[in-house]
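Q: First, the structure itself, so that you have it in front of you.
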Amino acid sequence: MLLGVIADDFTGASDIANTLAKGLPGEGGLAVTQYLGIPKSPAAASVEAGVISLKTRSAPVEEAVAQSLAALEWLRAQGCEQFVFKYCSTFDSTPEGNIGPVGEALAQALGAKGVIACPAFPTVGRTVHQGYLFVHDQLLSESSMRHHPLTPMTDANIRRWLGLQTKTPVGLVATSTVRSGAASVRKALDEAAADAQTLVICDASVDEDLVTLGTAAAAAPLLTGGSGIAIGLPSNFIRSGRAKGSLTPFTGVEGPAAILAGSCSSATRRQISTHAQNHPVLALDIDAIMAGSFGAQEIVEFVERHAGQAPLVYSSDDPAEVELLQTRYGREKLAHRLDGLFADVARALLAKGIRRLVVAGGETSGAVAQALDLEALTIGPEIDPGVPILAEADGRIALALKSGNFGAPDFFEKALKMLQNGAEH
Ligand SMILES: Nc1ncnc2c1ncn2[C@@H]1O[C@H](COP(=O)(O)OP(=O)(O)O)[C@@H](O)[C@H]1O
Ligand SMILES: O=C(O)[C@@H](O)C(=O)COP(=O)(O)O
C-alpha cells in the first residue's frame, strides 16, 4: 500500500476514495479499498490506497485522537509512504475539535510540521480564499451549515476556527503563493514549519490549485483536508512509476433496494421531496420513536410492502423542527437514538436479503455501515460528485453512502439505478 487515508466519517471516506480511484482525466487513479473501521487483518497486496473510515467527527476529542493514531499504525504496518487525514469540505468541527487535535497528533506521530490543511472541493462549490471558506457564493457561516445539528459552523475564517482547536499556531498559504507554483508552496510550508506552525490553511478555488498543492506535497508524510486535497496525489505515484493507473470495473447488483436518510442538510431534504413525487416515502415520527411506539420492525415492514418501488425512509427535518426536537430530547440522545434505529433497520434488511442500499448522512452512514459489519469495499463509478458506488468483494451488497450536502435532486433514483446497472443507468 502506498497511500493511507484516515477519514473522520464514512461518507467522507467514500468521497476521498472516489477522488483517488478517479485520478486526473486521462491518467487513471489508484486501486483503492475503503475499510469500515480499522481492519483486523492485513490488506490485500493489490491495494495501492487504503481509506480507513472512522466515526470520529463528533466523538470526544481523546477518542478521536486515539482511533486516528490506531488507524495510522495499521496503515504504517501496510507499508504506506504518505498519509492523508480527511475531514469535511465544510470543516465540520467545534471549537474543541476534532480537526485540530487529530491533525496535530498525526503530525507529531509522523514528525511533520508545515502540514497542508485545505478543505476546498471546488466541484461542489467549496473554496478557500485568504483562509475564509466559502460554500458556493456564501461564506460558510452564512450557508446552511450554520444550522448543522451536530457541528454548527458559525465562523468562515477557518484559520481562526482551527486556531481554537490547536496547541500550535495555524499558518496560511494564500492564493498568490499557490498560483506561483509547487516550489513556492513548498518554500512557504517549510517557512511555516520553521515558525513552529503544525497546520497551515492553504487557499484553493479551482482544481488546478489542488493539483499544485498535491505536487508540492509529493514528498510530505502528511496532508490534511477535504477530498479535493487528493486530486493531485495519484499522479505523484503514477508518474514516478510506483502505481499503474487503473479504473475499477463494476457490473451492478440485482435485487431488493432501500434508501435511508438521516441527514437534515438542505441538499438531502431537496432529494427527499424530489423522490417523494413518484416513490413511496416514510417520514419518521420522531416523538413516536422516542416514545418507543414506532421502531425498526414497522420501518422494515414499510420497505417490504413497497419492494421494487425504491422506498425511502427518512428522519430528516428542517432546522426549526430539528432545534425543537433537540431541545425536547437532547441533541446527543436524539442523534444516538436515530442513528441506532437506522442501524437496526439496516441489519434487519440485510438479514432479509437487501442487495442495494443508499444512505444519506455521514453519521447515519457510519451507524449503518458498522451495523452491516462490512470490512472492505471496492470503489466503483461516481454517481454524483463525491459519491461513488461501493461494492463488497463477494458481490453480496452494493451501497452508496451520500454525504448530506452532496448530490443532484434526483440522486436517490439515479443511485439505485447505477447500483443495479453499473455506470449505465
Ligand atoms: N429530525 C431530526 N432531528 C434531530 N436530529 C436528527 C433528525 N434526523 C436526524 N438527526 C440526526 O442528525 C445527524 C445528521 O448528521 P449526518 O447523518 O452526518 O448528516 P449530514 O451528512 O447532513 O451531516 C445524525 O446524527 C442524525 O441522527
Ligand atoms: O468533504 C465533504 O464534504 C464530505 O466528504 C463529507 O465529509 C461530508 O460529511 P457529511 O455531510 O456529514 O456526510
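Each chain in the C-alpha cells gets a letter, A, B, ..., in the order shown, and its residues are numbered from 1; ligands are numbered from 1 in order too.
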Could you build a table of the residues in chain A lying no more than 7 Å from ligand 1, giving for each the nearest pair of atoms and their separation in Å rounded to one decimal place, using only C-alpha atoms and all ligand atoms, ordered by chain and ascending residue number, as a Markdown table?
A:
```
| residue | atom | partner | partner_atom_place_in_ligand_line | distance |
| --- | --- | --- | --- | --- |
| A:His148 | CA | ligand 1 | 23 (O) | 6.7 |
| A:Pro149 | CA | ligand 1 | 12 (O) | 5.4 |
| A:Leu150 | CA | ligand 1 | 13 (C) | 6.5 |
| A:Gly262 | CA | ligand 1 | 9 (C) | 4.3 |
| A:Ser263 | CA | ligand 1 | 19 (O) | 3.5 |
| A:Cys264 | CA | ligand 1 | 22 (O) | 5.2 |
| A:Ser265 | CA | ligand 1 | 22 (O) | 4.5 |
| A:Ile286 | CA | ligand 1 | 1 (N) | 6.6 |
| A:Ser315 | CA | ligand 1 | 8 (N) | 4.3 |
| A:Ser316 | CA | ligand 1 | 8 (N) | 4.4 |
| A:Asp317 | CA | ligand 1 | 1 (N) | 4.7 |
| A:Glu321 | CA | ligand 1 | 3 (N) | 6.9 |
| A:Val322 | CA | ligand 1 | 3 (N) | 4.1 |
| A:Leu325 | CA | ligand 1 | 3 (N) | 5.7 |
| A:Gln326 | CA | ligand 1 | 4 (C) | 5.8 |
| A:Arg331 | CA | ligand 1 | 5 (N) | 6.9 |
| A:Leu334 | CA | ligand 1 | 5 (N) | 6.1 |
| A:Ala335 | CA | ligand 1 | 27 (O) | 3.6 |
| A:His336 | CA | ligand 1 | 27 (O) | 6.2 |
| A:Leu338 | CA | ligand 1 | 27 (O) | 4.5 |
| A:Asp339 | CA | ligand 1 | 27 (O) | 4.6 |
| A:Ala360 | CA | ligand 1 | 21 (O) | 6.5 |
| A:Gly361 | CA | ligand 1 | 21 (O) | 3.2 |
| A:Gly362 | CA | ligand 1 | 18 (O) | 3.5 |
| A:Glu363 | CA | ligand 1 | 18 (O) | 3.7 |
| A:Thr364 | CA | ligand 1 | 17 (O) | 4.0 |
| A:Ser365 | CA | ligand 1 | 17 (O) | 6.5 |
| A:Ser403 | CA | ligand 1 | 21 (O) | 4.7 |
| A:Gly404 | CA | ligand 1 | 21 (O) | 3.3 |
| A:Asn405 | CA | ligand 1 | 22 (O) | 6.0 |
```
Q: Please save C-alpha atoms of the selected residues as an mmCIF file, in the first residue's frame.
A:
```cif
data_model
loop_
_atom_site.group_PDB
_atom_site.id
_atom_site.type_symbol
_atom_site.label_atom_id
_atom_site.label_comp_id
_atom_site.auth_asym_id
_atom_site.auth_seq_id
_atom_site.Cartn_x
_atom_site.Cartn_y
_atom_site.Cartn_z
ATOM 1 C CA HIS A 148 -25.899 21.702 11.256
ATOM 2 C CA PRO A 149 -27.405 19.504 14.016
ATOM 3 C CA LEU A 150 -24.011 18.465 15.486
ATOM 4 C CA GLY A 262 -30.841 10.777 8.484
ATOM 5 C CA SER A 263 -29.190 13.854 7.043
ATOM 6 C CA CYS A 264 -31.038 17.129 7.692
ATOM 7 C CA SER A 265 -28.994 19.078 5.123
ATOM 8 C CA ILE A 286 -39.675 11.310 15.993
ATOM 9 C CA SER A 315 -35.915 11.282 9.793
ATOM 10 C CA SER A 316 -34.686 14.468 8.119
ATOM 11 C CA ASP A 317 -36.386 17.710 9.066
ATOM 12 C CA GLU A 321 -38.063 21.407 13.797
ATOM 13 C CA VAL A 322 -34.621 19.872 14.473
ATOM 14 C CA LEU A 325 -36.705 18.186 18.873
ATOM 15 C CA GLN A 326 -33.179 18.670 20.210
ATOM 16 C CA ARG A 331 -29.078 16.739 20.902
ATOM 17 C CA LEU A 334 -31.746 12.100 19.886
ATOM 18 C CA ALA A 335 -28.917 11.598 17.376
ATOM 19 C CA HIS A 336 -27.844 8.412 19.182
ATOM 20 C CA LEU A 338 -31.917 7.837 15.416
ATOM 21 C CA ASP A 339 -28.500 6.547 14.327
ATOM 22 C CA ALA A 360 -27.794 9.811 3.261
ATOM 23 C CA GLY A 361 -25.764 11.484 6.001
ATOM 24 C CA GLY A 362 -22.298 10.915 7.418
ATOM 25 C CA GLU A 363 -23.249 9.919 10.972
ATOM 26 C CA THR A 364 -26.176 7.908 9.649
ATOM 27 C CA SER A 365 -23.964 6.091 7.116
ATOM 28 C CA SER A 403 -22.623 13.000 2.272
ATOM 29 C CA GLY A 404 -25.526 15.108 3.466
ATOM 30 C CA ASN A 405 -24.750 18.038 1.217
#
```
Q: Please identify all protein, DNA and RNA residues within 7 Å of ligand 2, counting only C-alpha atoms and all ligand atoms, and report them as a list in words.
A: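 I would give the residues around ligand 2 as Asp9, Thr11, Gly12, Ala13, Asp15, Ile16, Tyr87, Cys88, Ser89, Thr90, Gly226, Ser227, Gly361, Gly362, Glu363, Gly386, Lys402, Ser403, Gly404 and Asn405 of chain A.
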Q: Taking 3 positions as the minimum chain separation for residues in the same chain, which residues sit within 8 Å of Glu27 in chain A when counting only C-alpha atoms? Answer as a compact mmCIF listing (two decimals) with N, CA and C atoms, in the first residue's frame.
A:
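Once written, part-v5.txt looks like this:
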```txt
# COMPACT_ATOMS: atom_id res chain seq x y z
N GLY A 23 -8.58 9.66 -10.19
CA GLY A 23 -7.34 10.29 -10.65
C GLY A 23 -7.62 11.44 -11.61
N LEU A 24 -6.58 11.91 -12.26
CA LEU A 24 -6.76 13.00 -13.21
C LEU A 24 -7.23 12.44 -14.55
N SER A 235 -1.40 11.06 -9.32
CA SER A 235 -0.41 11.44 -10.32
C SER A 235 1.02 11.29 -9.81
N ILE A 238 1.73 7.63 -9.96
CA ILE A 238 1.68 7.06 -11.31
C ILE A 238 2.89 7.56 -12.12
N GLY A 245 -2.14 3.10 -12.39
CA GLY A 245 -3.16 3.96 -13.00
C GLY A 245 -4.24 3.08 -13.60
```
Q: Name the residues in contact with range 179-183 of chain A at a cut-off of 10 Å, using only C-alpha atoms, excluding same-chain residues fewer than 2 positions from it; report them as a PDB file with C-alpha atoms, in the first residue's frame.
A:
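Generated output (result.pdb):
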```
ATOM      1  CA  ALA A 174      -2.641  32.326   0.232  1.00  0.00           C
ATOM      2  CA  THR A 175      -3.714  32.103  -3.413  1.00  0.00           C
ATOM      3  CA  SER A 176      -0.869  34.359  -4.632  1.00  0.00           C
ATOM      4  CA  THR A 177       1.661  31.761  -3.413  1.00  0.00           C
ATOM      5  CA  VAL A 185       4.151  26.393  -1.879  1.00  0.00           C
ATOM      6  CA  ARG A 186       6.892  24.062  -0.661  1.00  0.00           C
ATOM      7  CA  LYS A 187       9.019  27.026   0.404  1.00  0.00           C
ATOM      8  CA  ALA A 188       6.061  28.604   2.241  1.00  0.00           C
ATOM      9  CA  LEU A 189       5.324  25.318   4.043  1.00  0.00           C
ATOM     10  CA  ASP A 203      -6.143  28.603  -0.306  1.00  0.00           C
ATOM     11  CA  ALA A 204      -7.639  26.806  -3.320  1.00  0.00           C
ATOM     12  CA  GLU A 208      -5.572  23.298 -10.591  1.00  0.00           C
ATOM     13  CA  ASP A 209      -4.781  24.884  -7.188  1.00  0.00           C
ATOM     14  CA  VAL A 211      -3.088  19.769  -8.122  1.00  0.00           C
ATOM     15  CA  THR A 212      -0.387  22.348  -7.273  1.00  0.00           C
ATOM     16  CA  LEU A 213      -0.789  21.600  -3.551  1.00  0.00           C
ATOM     17  CA  GLY A 214      -0.629  17.848  -4.264  1.00  0.00           C
ATOM     18  CA  THR A 215       2.542  18.282  -6.320  1.00  0.00           C
ATOM     19  CA  ALA A 216       4.090  20.445  -3.607  1.00  0.00           C
ATOM     20  CA  ALA A 217       3.333  17.709  -1.073  1.00  0.00           C
ATOM     21  CA  ALA A 218       4.683  14.797  -3.157  1.00  0.00           C
TER      22      ALA A 218
END
```
Q: Enumerate, as a ChimeraX atom specification, the complete set of residues in range 2-138 of chain A that a backbone-based DSSP assignment places in strand (DSSP E).
A: /A:3-7,32-36,49-53,82-86,115-118,126-129,132-135,138
Q: Of the residues A:Ser141, A:Thr19, A:Ser266, A:Thr151, which is the one nearest to Asp318 in chain A, using only C-alpha atoms?
A: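 The shortest atom-to-atom distance to Asp318 in chain A comes from A:Ser266.
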Q: DSSP on the backbone, alpha helix (DSSP H) only: what residues of range 239-351 of chain A does that give? Format it as JSON, numbers by chain.
A: {"A": [239, 266, 267, 268, 269, 270, 271, 272, 273, 274, 275, 276, 286, 287, 288, 289, 290, 291, 296, 297, 298, 299, 300, 301, 302, 303, 304, 305, 319, 320, 321, 322, 323, 324, 325, 326, 327, 328, 329, 331, 332, 333, 334, 335, 336, 337, 338, 339, 340, 341, 342, 343, 344, 345, 346, 347, 348, 349, 350, 351]}
Q: Give me, as a PyMOL selection string, all polymer residues having an atom no more than 7 Å from Ile379 in chain A, counting only C-alpha atoms and skipping those fewer than 4 positions away in the same chain.
A: chain A and resi 17-18+21+32-33+248+388-391
Q: With a distance cut-off of 9 Å and only C-alpha atoms, select the neighbouring residues of Phe406 in chain A, excluding the residue or stretch itself and same-chain residues fewer than 5 positions from it, and output the selection as a ChimeraX atom specification.
A: /A:124,267-268,384-387,411
Q: Let me make sure I understand: among A:Gly26, A:Pro101, A:Gly395, A:Gly232, which one has the smallest atom-to-atom distance to Leu164 in chain A if we use only C-alpha atoms?
A: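 Selected residue with least distance to Leu164 in chain A: A:Pro101.
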Q: Can you work out the spacing between CA of Gly29 in chain A and CA of Ser246 in chain A in Å, to one decimal?
A: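 Distance reported for this atom pair: 5.4 Å.
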